[in-house]
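Enquirer: So that you have it, the file is input17.cif, and it contains mmCIF, C-alpha atoms:
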data_my_file
#
loop_
_atom_site.label_atom_id
_atom_site.label_comp_id
_atom_site.auth_asym_id
_atom_site.auth_seq_id
_atom_site.Cartn_x
_atom_site.Cartn_y
_atom_site.Cartn_z
CA MET A 10 104.20 110.32 95.27
CA THR A 11 101.47 112.95 95.57
CA LYS A 12 100.98 114.87 98.80
CA LYS A 13 97.65 113.11 99.46
CA LYS A 14 99.24 109.66 99.02
CA GLU A 15 102.09 110.66 101.31
CA GLN A 16 99.58 111.77 103.96
CA LEU A 17 97.68 108.47 103.66
CA SER A 18 100.94 106.51 103.86
CA ASP A 19 102.01 108.47 106.95
CA ARG A 20 98.60 107.94 108.53
CA PHE A 21 98.76 104.23 107.79
CA ALA A 22 102.23 103.99 109.32
CA ARG A 23 101.10 105.82 112.47
CA GLU A 24 98.01 103.63 112.84
CA MET A 25 99.98 100.43 112.30
CA THR A 26 102.52 101.54 114.89
CA GLU A 27 99.77 102.41 117.40
CA THR A 28 98.09 99.04 116.80
CA ALA A 29 101.36 97.15 117.24
CA ASP A 30 102.12 99.10 120.44
CA ALA A 31 98.70 98.27 121.86
CA MET A 32 99.00 94.58 120.93
CA HIS A 33 102.44 94.42 122.56
CA LYS A 34 101.13 96.12 125.71
CA LEU A 35 98.25 93.64 125.95
CA GLY A 36 100.60 90.68 125.48
CA ILE A 37 99.10 89.66 122.14
CA MET A 38 102.36 90.39 120.32
CA ASP A 39 105.81 89.41 121.56
CA ALA A 40 108.78 91.80 121.56
CA GLN A 41 110.35 90.36 118.43
CA ALA A 42 107.18 90.69 116.38
CA HIS A 43 106.68 94.19 117.77
CA LYS A 44 109.87 95.35 116.11
CA LEU A 45 108.43 96.75 112.90
CA THR A 46 110.88 98.30 110.47
CA MET A 47 109.88 100.87 107.89
CA ARG A 48 111.05 98.54 105.12
CA GLU A 49 108.56 95.89 106.26
CA LEU A 50 105.84 98.51 106.61
CA ASN A 51 106.50 99.87 103.11
CA ARG A 52 106.44 96.34 101.68
CA THR A 53 103.03 95.78 103.29
CA THR A 54 101.53 99.02 101.98
CA SER A 55 102.77 98.56 98.41
CA ALA A 56 101.36 95.02 98.22
CA ALA A 57 97.82 96.21 98.84
CA THR A 58 97.58 98.99 96.28
CA VAL A 59 94.07 100.24 95.63
CA THR A 60 93.34 101.26 92.06
CA PRO A 61 90.33 103.18 90.76
CA LEU A 62 87.68 101.23 88.88
CA SER A 63 85.44 102.39 86.06
CA GLY A 64 81.69 101.91 86.04
CA ALA A 65 82.01 99.17 83.42
CA GLU A 66 84.56 97.32 85.59
CA ILE A 67 82.27 97.52 88.63
CA ARG A 68 79.33 96.22 86.62
CA LYS A 69 81.50 93.38 85.28
CA LEU A 70 82.52 92.42 88.84
CA ARG A 71 78.88 92.32 89.90
CA GLU A 72 77.85 90.28 86.88
CA GLN A 73 80.73 87.84 87.37
CA ALA A 74 79.50 87.37 90.94
CA ASN A 75 76.06 86.64 89.47
CA MET A 76 74.41 89.19 91.78
CA SER A 77 71.72 91.78 91.39
CA GLN A 78 72.53 95.38 92.22
CA ALA A 79 70.56 94.99 95.47
CA VAL A 80 72.57 91.98 96.65
CA PHE A 81 75.87 93.52 95.57
CA ALA A 82 74.96 96.74 97.39
CA LYS A 83 74.22 94.80 100.57
CA PHE A 84 77.68 93.17 100.56
CA LEU A 85 79.37 96.53 99.94
CA HIS A 86 77.19 98.25 102.59
CA LEU A 87 75.88 100.71 100.00
CA THR A 88 72.45 101.63 98.69
CA VAL A 89 71.17 100.19 95.41
CA ASP A 90 71.04 103.74 94.04
CA HIS A 91 74.71 104.26 94.86
CA VAL A 92 75.72 101.01 93.14
CA SER A 93 73.68 102.08 90.11
CA LYS A 94 75.48 105.43 90.02
CA LEU A 95 78.86 103.69 90.36
CA GLU A 96 78.06 101.41 87.42
CA ARG A 97 76.88 104.33 85.28
CA GLY A 98 80.03 106.25 86.15
CA THR A 99 78.21 109.23 87.66
CA LYS A 100 79.93 108.50 90.99
CA ARG A 101 83.40 107.15 91.71
CA PRO A 102 83.96 104.59 94.47
CA ASN A 103 86.13 105.70 97.39
CA GLY A 104 87.06 104.65 100.89
CA PRO A 105 85.98 101.22 102.12
CA ALA A 106 83.83 100.57 99.04
CA LEU A 107 86.83 101.07 96.75
CA VAL A 108 88.95 98.77 98.90
CA LEU A 109 86.26 96.05 98.86
CA LEU A 110 85.87 96.38 95.08
CA ASN A 111 89.64 95.95 94.67
CA VAL A 112 89.57 92.85 96.89
CA ILE A 113 86.73 91.44 94.79
CA ARG A 114 88.65 92.25 91.59
CA ARG A 115 91.79 90.49 92.85
CA LYS A 116 90.34 87.53 94.78
CA GLY A 117 86.72 87.16 93.67
CA ILE A 118 83.47 87.75 95.51
CA GLU A 119 84.17 84.78 97.81
CA ALA A 120 86.78 86.89 99.60
CA ILE A 121 84.07 89.04 101.21
CA LEU A 122 81.31 86.48 101.70
#
Could you spell out this file's structure in structure tokens?
Expert:
Amino acid sequence: MTKKKEQLSDRFAREMTETADAMHKLGIMDAQAHKLTMRELNRTTSAATVTPLSGAEIRKLREQANMSQAVFAKFLHLTVDHVSKLERGTKRPNGPALVLLNVIRRKGIEAIL
């Protein structure tokens, strides 16, 4: 695992632990559910792997959803220009946009509508 991936994994683990602690404190989560083992946490993180997408793959996703670049951009909370650059391959998706594109790739556009 690269150093950056390790840092993201550590950050995710810390944030999940903080969220679980807060939910337990507020009474939303009972004591048994609050017990989160690292094995369960690692299983959760590996199931939702985010993979990079090429411009052609992004365009294909948009076309399969039968959407214009403007509509697709609105659902991804991006500008039309940014979606155009992603499809041409001059920019690479990252952060929340990359996660949403991976969700769309796995589950279809209906998953975010």
Enquirer: Could you give me, as a PyMOL selection string, the residues within 12 Å of Leu122 of chain A, counting only C-alpha atoms and dropping anything in the same chain fewer than 6 positions from it?
Expert: chain A and resi 74+80-81+83-85+109+112-113+116
Enquirer: Using atom CA of Arg71 of chain A and atom CA of Asp90 of chain A as the two end points, give the distance in Å to one decimal.
Expert: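 Between atom CA of Arg71 of chain A and atom CA of Asp90 of chain A the gap is 14.5 Å.
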Enquirer: Hey, can you check how far atom CA of Thr60 of chain A sits from atom CA of Asn75 of chain A?
Expert: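 Interatomic distance, atom CA of Thr60 of chain A to atom CA of Asn75 of chain A: 22.8 Å.
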Enquirer: What gap, in Å, lies between atom CA of Gly64 of chain A and atom CA of Ser77 of chain A?
Expert: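 Between these atoms lies a distance of 15.2 Å.
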Enquirer: Find the axis-aligned box for segment 73-83 of chain A, covering all its listed atoms and adding 3 Å on each side, and write its centre and edge lengths in Å to one decimal as JSON.
Expert:
{"center_x": 75.6, "center_y": 91.7, "center_z": 94.0, "size_x": 16.2, "size_y": 16.1, "size_z": 19.2}
Enquirer: Can you list, as a CSV table (one decimal) with C-alpha atoms, in the coordinates of the input, the residues that the PyMOL selection byres ((chain A and resi 97) around 12) selects here?
Expert:
chain,number,residue,atom,x,y,z
A,62,LEU,CA,87.7,101.2,88.9
A,63,SER,CA,85.4,102.4,86.1
A,64,GLY,CA,81.7,101.9,86.0
A,65,ALA,CA,82.0,99.2,83.4
A,66,GLU,CA,84.6,97.3,85.6
A,67,ILE,CA,82.3,97.5,88.6
A,68,ARG,CA,79.3,96.2,86.6
A,69,LYS,CA,81.5,93.4,85.3
A,90,ASP,CA,71.0,103.7,94.0
A,91,HIS,CA,74.7,104.3,94.9
A,92,VAL,CA,75.7,101.0,93.1
A,93,SER,CA,73.7,102.1,90.1
A,94,LYS,CA,75.5,105.4,90.0
A,95,LEU,CA,78.9,103.7,90.4
A,96,GLU,CA,78.1,101.4,87.4
A,98,GLY,CA,80.0,106.2,86.2
A,99,THR,CA,78.2,109.2,87.7
A,100,LYS,CA,79.9,108.5,91.0
A,101,ARG,CA,83.4,107.2,91.7
A,102,PRO,CA,84.0,104.6,94.5
Enquirer: Given the choices A:Arg114, A:Asp39, A:Met25, A:Ala106, which gets closest to Thr88 of chain A if the distance is worked out from only C-alpha atoms?
Expert: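 Checking each candidate against Thr88 of chain A, we get A:Ala106 as the closest.
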Enquirer: Name the residues in contact with His43 of chain A at a cut-off of 9 Å, using all atoms listed in the file, excluding same-chain residues fewer than 4 positions from it; report them as JSON, numbers by chain.
Expert: {"A": [26, 29, 30, 32, 33, 38, 39]}
Enquirer: Output as an mmCIF file, in the coordinates of the input: segment 25-36 of chain A, completed with all heavy atoms.
Expert:
data_model
loop_
_atom_site.group_PDB
_atom_site.id
_atom_site.type_symbol
_atom_site.label_atom_id
_atom_site.label_comp_id
_atom_site.auth_asym_id
_atom_site.auth_seq_id
_atom_site.Cartn_x
_atom_site.Cartn_y
_atom_site.Cartn_z
ATOM 1 N N MET A 25 99.381 101.754 112.140
ATOM 2 C CA MET A 25 99.980 100.430 112.300
ATOM 3 C C MET A 25 100.883 100.394 113.526
ATOM 4 O O MET A 25 100.884 99.423 114.286
ATOM 5 C CB MET A 25 100.784 100.043 111.049
ATOM 6 C CG MET A 25 99.926 99.702 109.859
ATOM 7 S SD MET A 25 98.894 98.245 110.131
ATOM 8 C CE MET A 25 100.124 96.990 110.307
ATOM 9 N N THR A 26 101.644 101.468 113.730
ATOM 10 C CA THR A 26 102.520 101.540 114.890
ATOM 11 C C THR A 26 101.705 101.555 116.184
ATOM 12 O O THR A 26 102.036 100.844 117.137
ATOM 13 C CB THR A 26 103.425 102.801 114.807
ATOM 14 O OG1 THR A 26 104.164 102.725 113.592
ATOM 15 C CG2 THR A 26 104.379 102.886 115.968
ATOM 16 N N GLU A 27 100.633 102.349 116.214
ATOM 17 C CA GLU A 27 99.770 102.410 117.400
ATOM 18 C C GLU A 27 99.149 101.040 117.685
ATOM 19 O O GLU A 27 99.069 100.603 118.835
ATOM 20 C CB GLU A 27 98.674 103.446 117.223
ATOM 21 C CG GLU A 27 99.163 104.873 117.274
ATOM 22 C CD GLU A 27 98.072 105.878 116.935
ATOM 23 O OE1 GLU A 27 96.879 105.502 116.920
ATOM 24 O OE2 GLU A 27 98.407 107.039 116.686
ATOM 25 N N THR A 28 98.702 100.361 116.637
ATOM 26 C CA THR A 28 98.090 99.040 116.800
ATOM 27 C C THR A 28 99.113 98.040 117.337
ATOM 28 O O THR A 28 98.821 97.277 118.267
ATOM 29 C CB THR A 28 97.528 98.537 115.453
ATOM 30 O OG1 THR A 28 96.554 99.478 114.990
ATOM 31 C CG2 THR A 28 96.884 97.169 115.599
ATOM 32 N N ALA A 29 100.303 98.053 116.773
ATOM 33 C CA ALA A 29 101.360 97.150 117.240
ATOM 34 C C ALA A 29 101.726 97.438 118.689
ATOM 35 O O ALA A 29 101.915 96.511 119.490
ATOM 36 C CB ALA A 29 102.587 97.259 116.345
ATOM 37 N N ASP A 30 101.818 98.725 119.043
ATOM 38 C CA ASP A 30 102.120 99.100 120.440
ATOM 39 C C ASP A 30 101.059 98.566 121.393
ATOM 40 O O ASP A 30 101.374 98.017 122.448
ATOM 41 C CB ASP A 30 102.240 100.615 120.581
ATOM 42 C CG ASP A 30 103.490 101.179 119.926
ATOM 43 O OD1 ASP A 30 104.412 100.395 119.625
ATOM 44 O OD2 ASP A 30 103.538 102.414 119.726
ATOM 45 N N ALA A 31 99.800 98.733 121.013
ATOM 46 C CA ALA A 31 98.700 98.270 121.860
ATOM 47 C C ALA A 31 98.711 96.745 121.992
ATOM 48 O O ALA A 31 98.509 96.203 123.086
ATOM 49 C CB ALA A 31 97.367 98.746 121.309
ATOM 50 N N MET A 32 98.967 96.046 120.893
ATOM 51 C CA MET A 32 99.000 94.580 120.930
ATOM 52 C C MET A 32 100.163 94.100 121.810
ATOM 53 O O MET A 32 100.018 93.135 122.557
ATOM 54 C CB MET A 32 99.123 94.020 119.515
ATOM 55 C CG MET A 32 97.874 94.219 118.684
ATOM 56 S SD MET A 32 98.073 93.708 116.973
ATOM 57 C CE MET A 32 98.086 91.933 117.158
ATOM 58 N N HIS A 33 101.288 94.773 121.729
ATOM 59 C CA HIS A 33 102.440 94.420 122.560
ATOM 60 C C HIS A 33 102.114 94.652 124.037
ATOM 61 O O HIS A 33 102.407 93.809 124.897
ATOM 62 C CB HIS A 33 103.666 95.214 122.135
ATOM 63 C CG HIS A 33 104.892 94.917 122.931
ATOM 64 N ND1 HIS A 33 105.473 93.666 122.955
ATOM 65 C CD2 HIS A 33 105.643 95.689 123.736
ATOM 66 C CE1 HIS A 33 106.530 93.688 123.744
ATOM 67 N NE2 HIS A 33 106.657 94.916 124.242
ATOM 68 N N LYS A 34 101.494 95.778 124.329
ATOM 69 C CA LYS A 34 101.130 96.120 125.710
ATOM 70 C C LYS A 34 100.156 95.107 126.299
ATOM 71 O O LYS A 34 100.244 94.749 127.472
ATOM 72 C CB LYS A 34 100.528 97.520 125.744
ATOM 73 C CG LYS A 34 100.253 98.039 127.128
ATOM 74 C CD LYS A 34 99.730 99.464 127.082
ATOM 75 C CE LYS A 34 99.444 99.966 128.477
ATOM 76 N NZ LYS A 34 98.937 101.340 128.460
ATOM 77 N N LEU A 35 99.233 94.610 125.475
ATOM 78 C CA LEU A 35 98.250 93.640 125.950
ATOM 79 C C LEU A 35 98.799 92.211 125.995
ATOM 80 O O LEU A 35 98.141 91.302 126.483
ATOM 81 C CB LEU A 35 97.011 93.655 125.050
ATOM 82 C CG LEU A 35 96.162 94.914 125.123
ATOM 83 C CD1 LEU A 35 95.112 94.910 124.017
ATOM 84 C CD2 LEU A 35 95.501 95.029 126.489
ATOM 85 N N GLY A 36 99.995 92.007 125.463
ATOM 86 C CA GLY A 36 100.600 90.680 125.480
ATOM 87 C C GLY A 36 100.195 89.812 124.307
ATOM 88 O O GLY A 36 100.504 88.621 124.263
#
